[in-house]
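J.: Below is the file structure_11.cif, which contains mmCIF, C-alpha atoms.
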data_final
loop_
_atom_site.label_atom_id
_atom_site.label_comp_id
_atom_site.auth_asym_id
_atom_site.auth_seq_id
_atom_site.Cartn_x
_atom_site.Cartn_y
_atom_site.Cartn_z
CA MET A 163 -16.44 13.19 -19.08
CA GLU A 164 -13.30 13.96 -21.08
CA ASN A 165 -12.38 16.70 -18.60
CA THR A 166 -12.82 14.25 -15.75
CA ARG A 167 -10.55 11.69 -17.42
CA ALA A 168 -7.93 14.38 -18.06
CA THR A 169 -8.03 15.47 -14.41
CA LEU A 170 -7.66 11.90 -13.15
CA GLY A 171 -4.83 11.27 -15.57
CA LYS A 172 -3.04 14.36 -14.32
CA GLN A 173 -3.48 13.28 -10.69
CA ARG A 174 -2.07 9.83 -11.41
CA ALA A 175 0.88 11.36 -13.27
CA GLU A 176 1.59 13.65 -10.31
CA VAL A 177 1.56 10.73 -7.87
CA ALA A 178 3.86 8.71 -10.13
CA ALA A 179 6.25 11.65 -10.46
CA MET A 180 6.30 12.14 -6.71
CA PHE A 181 7.39 8.56 -6.13
CA ASP A 182 9.85 8.71 -9.02
CA GLY A 183 11.54 11.48 -7.04
CA VAL A 184 12.03 9.44 -3.87
CA ALA A 185 12.78 6.04 -5.41
CA LYS A 186 16.54 5.93 -4.82
CA ARG A 187 16.30 6.41 -1.05
CA TYR A 188 12.80 5.11 -0.50
CA ASP A 189 13.61 1.93 1.42
CA LEU A 190 16.30 3.64 3.52
CA LEU A 191 14.00 6.50 4.50
CA ASN A 192 11.19 4.12 5.40
CA ASP A 193 13.56 2.35 7.75
CA VAL A 194 14.81 5.60 9.29
CA LEU A 195 11.44 7.33 9.66
CA THR A 196 9.78 4.28 11.26
CA PHE A 197 12.81 3.44 13.46
CA GLY A 198 12.90 0.02 11.80
CA LEU A 199 9.28 -0.80 12.65
CA ASP A 200 8.49 -1.22 8.96
CA ARG A 201 10.38 -4.52 8.95
CA GLY A 202 8.04 -6.02 11.54
CA TRP A 203 5.02 -4.59 9.73
CA ARG A 204 6.16 -6.33 6.54
CA ARG A 205 6.53 -9.64 8.36
CA SER A 206 3.01 -9.27 9.77
CA THR A 207 1.66 -8.52 6.31
CA VAL A 208 3.25 -11.66 4.87
CA ALA A 209 1.84 -13.71 7.76
CA ALA A 210 -1.64 -12.30 7.09
CA ILE A 211 -1.41 -13.30 3.42
CA THR A 212 -0.02 -16.77 4.21
CA PRO A 213 1.59 -17.26 0.77
CA ARG A 214 1.70 -20.83 -0.50
CA ARG A 215 3.89 -22.46 -3.10
CA GLY A 216 2.38 -22.20 -6.56
CA GLU A 217 -0.01 -19.38 -5.73
CA ARG A 218 -0.25 -16.24 -7.85
CA ILE A 219 0.04 -13.08 -5.75
CA LEU A 220 -0.41 -9.52 -6.95
CA ASP A 221 1.57 -6.92 -5.00
CA ILE A 222 0.19 -3.47 -5.90
CA ALA A 223 2.21 -0.31 -5.18
CA ALA A 224 5.15 -2.68 -4.78
CA GLY A 225 7.68 0.10 -5.26
CA THR A 226 11.18 -1.32 -5.30
CA GLY A 227 9.94 -4.85 -4.64
CA THR A 228 10.98 -5.14 -0.99
CA SER A 229 7.45 -6.24 -0.09
CA SER A 230 7.37 -8.82 -2.91
CA VAL A 231 10.52 -10.76 -2.03
CA PRO A 232 8.98 -12.86 0.80
CA PHE A 233 6.26 -14.12 -1.52
CA ALA A 234 8.81 -15.28 -4.07
CA GLU A 235 10.83 -16.91 -1.29
CA ALA A 236 7.69 -18.80 -0.22
CA GLY A 237 7.43 -20.29 -3.70
CA ALA A 238 4.57 -18.12 -4.97
CA SER A 239 4.53 -16.39 -8.33
CA VAL A 240 4.50 -12.72 -7.37
CA PHE A 241 3.70 -9.79 -9.66
CA PRO A 242 5.14 -6.56 -8.20
CA THR A 243 3.16 -3.78 -9.85
CA ASP A 244 3.55 -0.01 -9.53
CA ILE A 245 2.61 3.17 -11.39
CA SER A 246 6.03 4.77 -10.78
CA MET A 247 8.62 3.92 -13.42
CA GLY A 248 11.29 5.35 -11.11
CA MET A 249 10.40 2.83 -8.43
CA LEU A 250 10.28 -0.02 -10.94
CA THR A 251 13.69 0.91 -12.36
CA VAL A 252 15.32 1.00 -8.93
CA GLY A 253 13.51 -2.18 -7.95
CA LYS A 254 14.72 -4.11 -10.99
CA LYS A 255 18.31 -3.17 -10.16
CA GLN A 256 17.89 -4.29 -6.55
CA GLN A 257 15.76 -7.37 -7.23
CA PRO A 258 16.62 -8.57 -10.76
CA ALA A 259 14.87 -11.91 -10.24
CA LEU A 260 11.46 -10.26 -9.85
CA ASP A 261 9.26 -9.52 -12.85
CA PHE A 262 8.12 -5.93 -12.29
CA VAL A 263 5.01 -4.64 -14.06
CA ALA A 264 4.00 -1.04 -14.73
CA GLY A 265 0.35 -0.73 -13.79
CA ASP A 266 -2.32 1.61 -12.45
CA ALA A 267 -4.34 0.44 -9.43
CA LEU A 268 -7.48 1.84 -11.06
CA GLN A 269 -6.92 -0.06 -14.33
CA LEU A 270 -4.95 -3.17 -13.48
CA PRO A 271 -3.37 -4.84 -16.54
CA TYR A 272 -4.60 -8.31 -15.58
CA ALA A 273 -7.51 -10.55 -16.53
CA ASP A 274 -10.44 -11.31 -14.25
CA ALA A 275 -9.83 -13.91 -11.51
CA SER A 276 -6.06 -14.06 -12.10
CA PHE A 277 -4.75 -14.14 -8.52
CA ASP A 278 -5.11 -16.17 -5.35
CA ALA A 279 -4.21 -13.14 -3.25
CA VAL A 280 -3.85 -9.39 -3.75
CA THR A 281 -2.02 -7.05 -1.42
CA ILE A 282 -1.15 -3.37 -1.22
CA SER A 283 1.06 -1.80 1.45
CA TYR A 284 0.91 1.94 2.22
CA GLY A 285 -0.33 2.72 -1.27
CA LEU A 286 -4.12 2.63 -1.17
CA ARG A 287 -4.44 6.12 0.32
CA ASN A 288 -2.42 7.46 -2.66
CA VAL A 289 -5.09 6.31 -5.13
CA GLU A 290 -7.67 9.02 -5.85
CA HIS A 291 -10.64 6.59 -5.91
CA THR A 292 -10.39 4.07 -3.09
CA VAL A 293 -13.57 2.15 -3.89
CA GLN A 294 -12.65 1.81 -7.57
CA ALA A 295 -9.22 0.48 -6.64
CA LEU A 296 -10.76 -2.06 -4.25
CA GLU A 297 -13.20 -3.12 -6.96
CA GLU A 298 -10.30 -3.63 -9.38
CA MET A 299 -8.54 -5.79 -6.79
CA LEU A 300 -11.74 -7.81 -6.40
CA ARG A 301 -12.03 -8.21 -10.18
CA VAL A 302 -8.58 -9.77 -10.57
CA THR A 303 -8.94 -12.04 -7.51
CA LYS A 304 -10.13 -15.61 -7.89
CA PRO A 305 -13.37 -16.63 -6.11
CA GLY A 306 -12.38 -17.55 -2.57
CA GLY A 307 -9.20 -15.49 -2.84
CA ARG A 308 -8.10 -12.87 -0.35
CA VAL A 309 -6.89 -9.31 -0.08
CA VAL A 310 -4.56 -7.88 2.57
CA ILE A 311 -4.12 -4.14 2.96
CA ALA A 312 -1.37 -2.69 5.15
CA GLU A 313 -1.96 1.00 5.71
CA PHE A 314 -1.29 3.73 8.23
CA SER A 315 -4.29 4.12 10.49
CA THR A 316 -5.52 5.68 13.75
CA PRO A 317 -3.85 4.90 17.11
CA THR A 318 -6.43 3.56 19.55
CA ASN A 319 -5.09 5.21 22.72
CA PRO A 320 -6.16 8.90 22.86
CA VAL A 321 -2.91 10.11 24.41
CA PHE A 322 -0.79 8.11 21.98
CA ARG A 323 -2.96 9.35 19.11
CA PHE A 324 -2.43 12.99 20.13
CA LEU A 325 1.35 12.56 20.37
CA TYR A 326 1.44 10.71 17.06
CA GLU A 327 -0.70 13.17 15.10
CA GLN A 328 0.53 16.40 16.65
CA ILE A 329 4.22 15.60 17.06
CA ALA A 330 5.45 12.52 15.21
CA LEU A 331 3.70 13.23 11.90
CA ARG A 332 4.77 16.87 12.03
CA VAL A 333 8.40 15.79 12.29
CA VAL A 334 8.28 13.54 9.22
CA PRO A 335 8.68 16.33 6.60
CA LEU A 336 11.63 17.77 8.56
CA ALA A 337 13.37 14.43 8.96
CA ALA A 338 12.82 13.71 5.25
CA ARG A 339 15.02 16.59 4.18
CA ILE A 340 17.69 14.01 3.40
CA SER A 341 15.30 12.78 0.71
CA SER A 342 15.62 13.87 -2.91
CA ASN A 343 12.01 15.06 -2.69
CA PRO A 344 11.14 16.35 0.83
CA ALA A 345 7.74 17.64 -0.32
CA ALA A 346 6.64 14.06 -0.91
CA TYR A 347 6.98 13.35 2.80
CA GLY A 348 4.92 16.41 3.65
CA TYR A 349 2.24 14.83 1.49
CA LEU A 350 2.77 11.55 3.39
CA ALA A 351 1.87 13.15 6.73
CA GLU A 352 -1.16 14.95 5.28
CA SER A 353 -2.50 11.83 3.60
CA ILE A 354 -2.21 9.79 6.82
CA LEU A 355 -4.18 12.38 8.80
CA ALA A 356 -6.91 12.44 6.15
CA TRP A 357 -7.22 8.63 5.89
CA PRO A 358 -10.22 6.74 7.40
CA ASP A 359 -9.80 4.91 10.68
CA GLN A 360 -9.90 1.13 10.95
CA GLY A 361 -13.68 0.82 10.93
CA GLY A 362 -13.99 3.37 8.15
CA LEU A 363 -11.71 1.44 5.81
CA SER A 364 -13.49 -1.80 6.70
CA ASP A 365 -16.78 -0.23 5.61
CA VAL A 366 -15.25 0.96 2.33
CA MET A 367 -13.92 -2.54 1.61
CA SER A 368 -17.34 -4.06 2.24
CA ARG A 369 -18.95 -1.47 -0.04
CA ALA A 370 -16.52 -2.48 -2.79
CA GLY A 371 -17.66 -6.09 -2.53
CA TRP A 372 -15.15 -7.73 -0.18
CA ALA A 373 -16.63 -10.20 2.31
CA ARG A 374 -15.72 -11.15 5.90
CA VAL A 375 -13.60 -8.03 6.33
CA GLU A 376 -11.49 -7.94 9.48
CA TRP A 377 -8.55 -5.93 10.78
CA ARG A 378 -5.64 -6.18 13.16
CA ASN A 379 -3.80 -3.23 14.71
CA LEU A 380 -0.01 -3.02 14.69
CA THR A 381 2.00 -0.74 16.99
CA GLY A 382 -1.11 0.51 18.76
CA GLY A 383 -2.96 1.30 15.56
CA ILE A 384 -0.28 3.33 13.78
CA VAL A 385 -0.68 0.66 11.11
CA ALA A 386 -3.66 -1.62 10.55
CA LEU A 387 -3.84 -4.81 8.51
CA HIS A 388 -7.21 -5.28 6.82
CA ARG A 389 -8.11 -8.61 5.26
CA GLY A 390 -11.09 -9.66 3.19
CA TRP A 391 -12.22 -12.47 0.91
CA LYS A 392 -13.90 -12.71 -2.48
CA GLN A 393 -17.04 -14.76 -2.26
CA GLY A 394 -16.89 -17.99 -4.22
#
Could the structure of this file be written out as structure tokens, please?
T.:
Amino acid sequence: MENTRATLGKQRAEVAAMFDGVAKRYDLLNDVLTFGLDRGWRRSTVAAITPRRGERILDIAAGTGTSSVPFAEAGASVFPTDISMGMLTVGKKQQPALDFVAGDALQLPYADASFDAVTISYGLRNVEHTVQALEEMLRVTKPGGRVVIAEFSTPTNPVFRFLYEQIALRVVPLAARISSNPAAYGYLAESILAWPDQGGLSDVMSRAGWARVEWRNLTGGIVALHRGWKQG
């Protein structure tokens, strides 16, 4: 058991260090590598969450806080949380009004039933135990609350999927050479290819206890928004 904990701790430290290394140019590279599509994906994520004034929203893997800003602007109390201190440091400089929190998705530093909504964008596949992370999200969500997951997924058109997987994702590590940590973007491509498709993630969410799970494809399935509710 102790060896297992040590291994998991090392994995989490490696992930945190990887994102520490790309923090300064993270938002710029996301914009460049997605040709600006990430902006529309963020808007769709916010629309899926439907933030309301006075709600408490947990934004996991919030990075520099770009994903958290719309929730604050909607009048919600948002808690941008990330395991990478590098990301949090850059985020606090860019978004000083946000209250950033250092936290692990597998051991969230929040009490049970603390949030009306929980969201994670492009971070769930970086957590070594997906089901455990989804169970933690369920734990901190109020009965009747919701989760929204934005994550890279599987294009639905076979031709588009072939071009995406065999060409576009292979180019990402090359294009990311302007990054301070190009190897991290090699990992990005590999992790996307290994990630479950839309139905697969839906099944994992249901297994973790989320109810009424549904999904919506964006850009032909390059990204999928999954939403679920905690039973009251």
J.: Show me, as a PyMOL selection string, the residues that have an atom within 7 Å of His388 in chain A when counting all atoms listed in the file, minus same-chain residues fewer than 6 positions from it.
T.: chain A and resi 310-312+375-378
J.: Care to translate the PyMOL selection byres ((chain A and resi 228-235) around 8) into actual residues of this file, as a list in words?
T.: Asp189, Arg204, Val208, Pro213, Ile219, Asp221, Ala224, Gly225, Thr226, Gly227, Ala236, Gly237, Ala238, Ser239, Val240, Phe241, Pro242, Gly253, Leu260 and Ser283 of chain A
J.: In Å, with one decimal, what is the gap from CA of Ala279 in chain A to CA of Met249 in chain A?
T.: 22.3 Å
J.: Evaluating the PyMOL selection byres ((chain A and resi 303-307) around 9) on the displayed file yields which residues, as a list in words?
T.: Leu220, Asp274, Ala275, Ser276, Phe277, Asp278, Ala279, Val280, Glu298, Met299, Leu300, Arg301, Val302, Arg308, Val309, Gly390, Trp391, Lys392, Gln393 and Gly394 of chain A
J.: Which value, in Å to one decimal, gives the distance between CA of Leu325 in chain A and CA of Asn288 in chain A?
T.: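 These two atoms are separated by 23.9 Å.
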J.: Hey, which of A:Asp365, A:Glu352, A:Glu327, A:Asp244 ends up closest to Val263 in chain A? Count all atoms listed in the file.
T.: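 The answer is A:Asp244, which sits nearest to Val263 in chain A.
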J.: For CA of Ser206 in chain A and CA of Ser364 in chain A, quote the distance in Å rounded to one decimal.
T.: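 CA of Ser364 in chain A lies at a distance of 18.4 Å from CA of Ser206 in chain A.
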J.: May I have the protein, DNA and RNA residues with any atom at most 12 Å from the point (-5.3, 8.1, 18.0), counting only C-alpha atoms, written as a list in words?
T.: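 Output: Phe314, Ser315, Thr316, Pro317, Thr318, Asn319, Pro320, Val321, Phe322, Arg323, Phe324, Leu325, Tyr326, Glu327, Gln328, Ala330, Ile354, Leu355, Pro358, Asp359, Gln360, Asn379, Thr381, Gly382, Gly383, Ile384 and Val385 of chain A.
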J.: Please determine, counting only C-alpha atoms, which residue among A:Leu199, A:Ile282, A:Ile211, A:Ala295 has the shortest atom-to-atom distance to Leu380 in chain A.
T.: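 Once distances to Leu380 in chain A are computed over only C-alpha atoms, the minimum belongs to A:Leu199.
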J.: Using the chain letters and numbers from the file, which residues does the PyMOL selection byres ((chain A and resi 370) around 6) grab, as a PDB file with C-alpha atoms, in the coordinates of the input?
T.:
ATOM      1  CA  VAL A 293     -13.570   2.150  -3.890  1.00  0.00           C
ATOM      2  CA  LEU A 296     -10.760  -2.060  -4.250  1.00  0.00           C
ATOM      3  CA  GLU A 297     -13.200  -3.120  -6.960  1.00  0.00           C
ATOM      4  CA  MET A 367     -13.920  -2.540   1.610  1.00  0.00           C
ATOM      5  CA  SER A 368     -17.340  -4.060   2.240  1.00  0.00           C
ATOM      6  CA  ARG A 369     -18.950  -1.470  -0.040  1.00  0.00           C
ATOM      7  CA  GLY A 371     -17.660  -6.090  -2.530  1.00  0.00           C
TER       8      GLY A 371
END
J.: For range 205-210 of chain A, take all atoms listed in the file, fit an axis-aligned box around them, add 6 Å to each of the six sides, then output centre and edge lengths in Å rounded to one decimal, as lines of an AutoDock Vina configuration file.
T.:
center_x = 2.4
center_y = -11.1
center_z = 7.3
size_x = 20.2
size_y = 17.2
size_z = 16.9
J.: A:Arg374, A:Gly248, A:Gly265, A:Arg287: which is nearest Ala356 in chain A, counting all atoms listed in the file?
T.: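 The answer is A:Arg287, which sits nearest to Ala356 in chain A.
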J.: Missing atoms in range 287-299 of chain A: fill them in up to N, CA, C and O atoms and send the result as a PDB file, keeping the file's coordinate frame.
T.:
ATOM      1  N   ARG A 287      -4.014   4.728   0.057  1.00  0.00           N
ATOM      2  CA  ARG A 287      -4.440   6.120   0.320  1.00  0.00           C
ATOM      3  C   ARG A 287      -3.891   7.081  -0.747  1.00  0.00           C
ATOM      4  O   ARG A 287      -4.311   8.239  -0.810  1.00  0.00           O
ATOM      5  N   ASN A 288      -2.960   6.616  -1.588  1.00  0.00           N
ATOM      6  CA  ASN A 288      -2.420   7.460  -2.660  1.00  0.00           C
ATOM      7  C   ASN A 288      -3.238   7.360  -3.945  1.00  0.00           C
ATOM      8  O   ASN A 288      -2.943   8.050  -4.916  1.00  0.00           O
ATOM      9  N   VAL A 289      -4.238   6.479  -3.950  1.00  0.00           N
ATOM     10  CA  VAL A 289      -5.090   6.310  -5.130  1.00  0.00           C
ATOM     11  C   VAL A 289      -6.304   7.223  -4.966  1.00  0.00           C
ATOM     12  O   VAL A 289      -6.957   7.219  -3.912  1.00  0.00           O
ATOM     13  N   GLU A 290      -6.622   7.993  -6.003  1.00  0.00           N
ATOM     14  CA  GLU A 290      -7.670   9.020  -5.850  1.00  0.00           C
ATOM     15  C   GLU A 290      -9.064   8.447  -5.649  1.00  0.00           C
ATOM     16  O   GLU A 290      -9.928   9.120  -5.092  1.00  0.00           O
ATOM     17  N   HIS A 291      -9.322   7.198  -6.097  1.00  0.00           N
ATOM     18  CA  HIS A 291     -10.640   6.590  -5.910  1.00  0.00           C
ATOM     19  C   HIS A 291     -10.468   5.243  -5.205  1.00  0.00           C
ATOM     20  O   HIS A 291     -10.232   4.221  -5.845  1.00  0.00           O
ATOM     21  N   THR A 292     -10.641   5.262  -3.898  1.00  0.00           N
ATOM     22  CA  THR A 292     -10.390   4.070  -3.090  1.00  0.00           C
ATOM     23  C   THR A 292     -11.321   2.924  -3.463  1.00  0.00           C
ATOM     24  O   THR A 292     -10.882   1.782  -3.631  1.00  0.00           O
ATOM     25  N   VAL A 293     -12.604   3.213  -3.587  1.00  0.00           N
ATOM     26  CA  VAL A 293     -13.570   2.150  -3.890  1.00  0.00           C
ATOM     27  C   VAL A 293     -13.275   1.521  -5.247  1.00  0.00           C
ATOM     28  O   VAL A 293     -13.299   0.295  -5.399  1.00  0.00           O
ATOM     29  N   GLN A 294     -12.960   2.339  -6.234  1.00  0.00           N
ATOM     30  CA  GLN A 294     -12.650   1.810  -7.570  1.00  0.00           C
ATOM     31  C   GLN A 294     -11.420   0.908  -7.525  1.00  0.00           C
ATOM     32  O   GLN A 294     -11.390  -0.143  -8.172  1.00  0.00           O
ATOM     33  N   ALA A 295     -10.413   1.304  -6.758  1.00  0.00           N
ATOM     34  CA  ALA A 295      -9.220   0.480  -6.640  1.00  0.00           C
ATOM     35  C   ALA A 295      -9.542  -0.858  -5.964  1.00  0.00           C
ATOM     36  O   ALA A 295      -9.071  -1.918  -6.397  1.00  0.00           O
ATOM     37  N   LEU A 296     -10.374  -0.821  -4.939  1.00  0.00           N
ATOM     38  CA  LEU A 296     -10.760  -2.060  -4.250  1.00  0.00           C
ATOM     39  C   LEU A 296     -11.599  -2.948  -5.153  1.00  0.00           C
ATOM     40  O   LEU A 296     -11.503  -4.177  -5.097  1.00  0.00           O
ATOM     41  N   GLU A 297     -12.415  -2.344  -5.999  1.00  0.00           N
ATOM     42  CA  GLU A 297     -13.200  -3.120  -6.960  1.00  0.00           C
ATOM     43  C   GLU A 297     -12.306  -3.759  -8.012  1.00  0.00           C
ATOM     44  O   GLU A 297     -12.567  -4.901  -8.445  1.00  0.00           O
ATOM     45  N   GLU A 298     -11.254  -3.056  -8.431  1.00  0.00           N
ATOM     46  CA  GLU A 298     -10.300  -3.630  -9.380  1.00  0.00           C
ATOM     47  C   GLU A 298      -9.568  -4.811  -8.753  1.00  0.00           C
ATOM     48  O   GLU A 298      -9.345  -5.839  -9.394  1.00  0.00           O
ATOM     49  N   MET A 299      -9.189  -4.681  -7.486  1.00  0.00           N
ATOM     50  CA  MET A 299      -8.540  -5.790  -6.790  1.00  0.00           C
ATOM     51  C   MET A 299      -9.475  -6.990  -6.722  1.00  0.00           C
ATOM     52  O   MET A 299      -9.055  -8.142  -6.921  1.00  0.00           O
TER      53      MET A 299
END
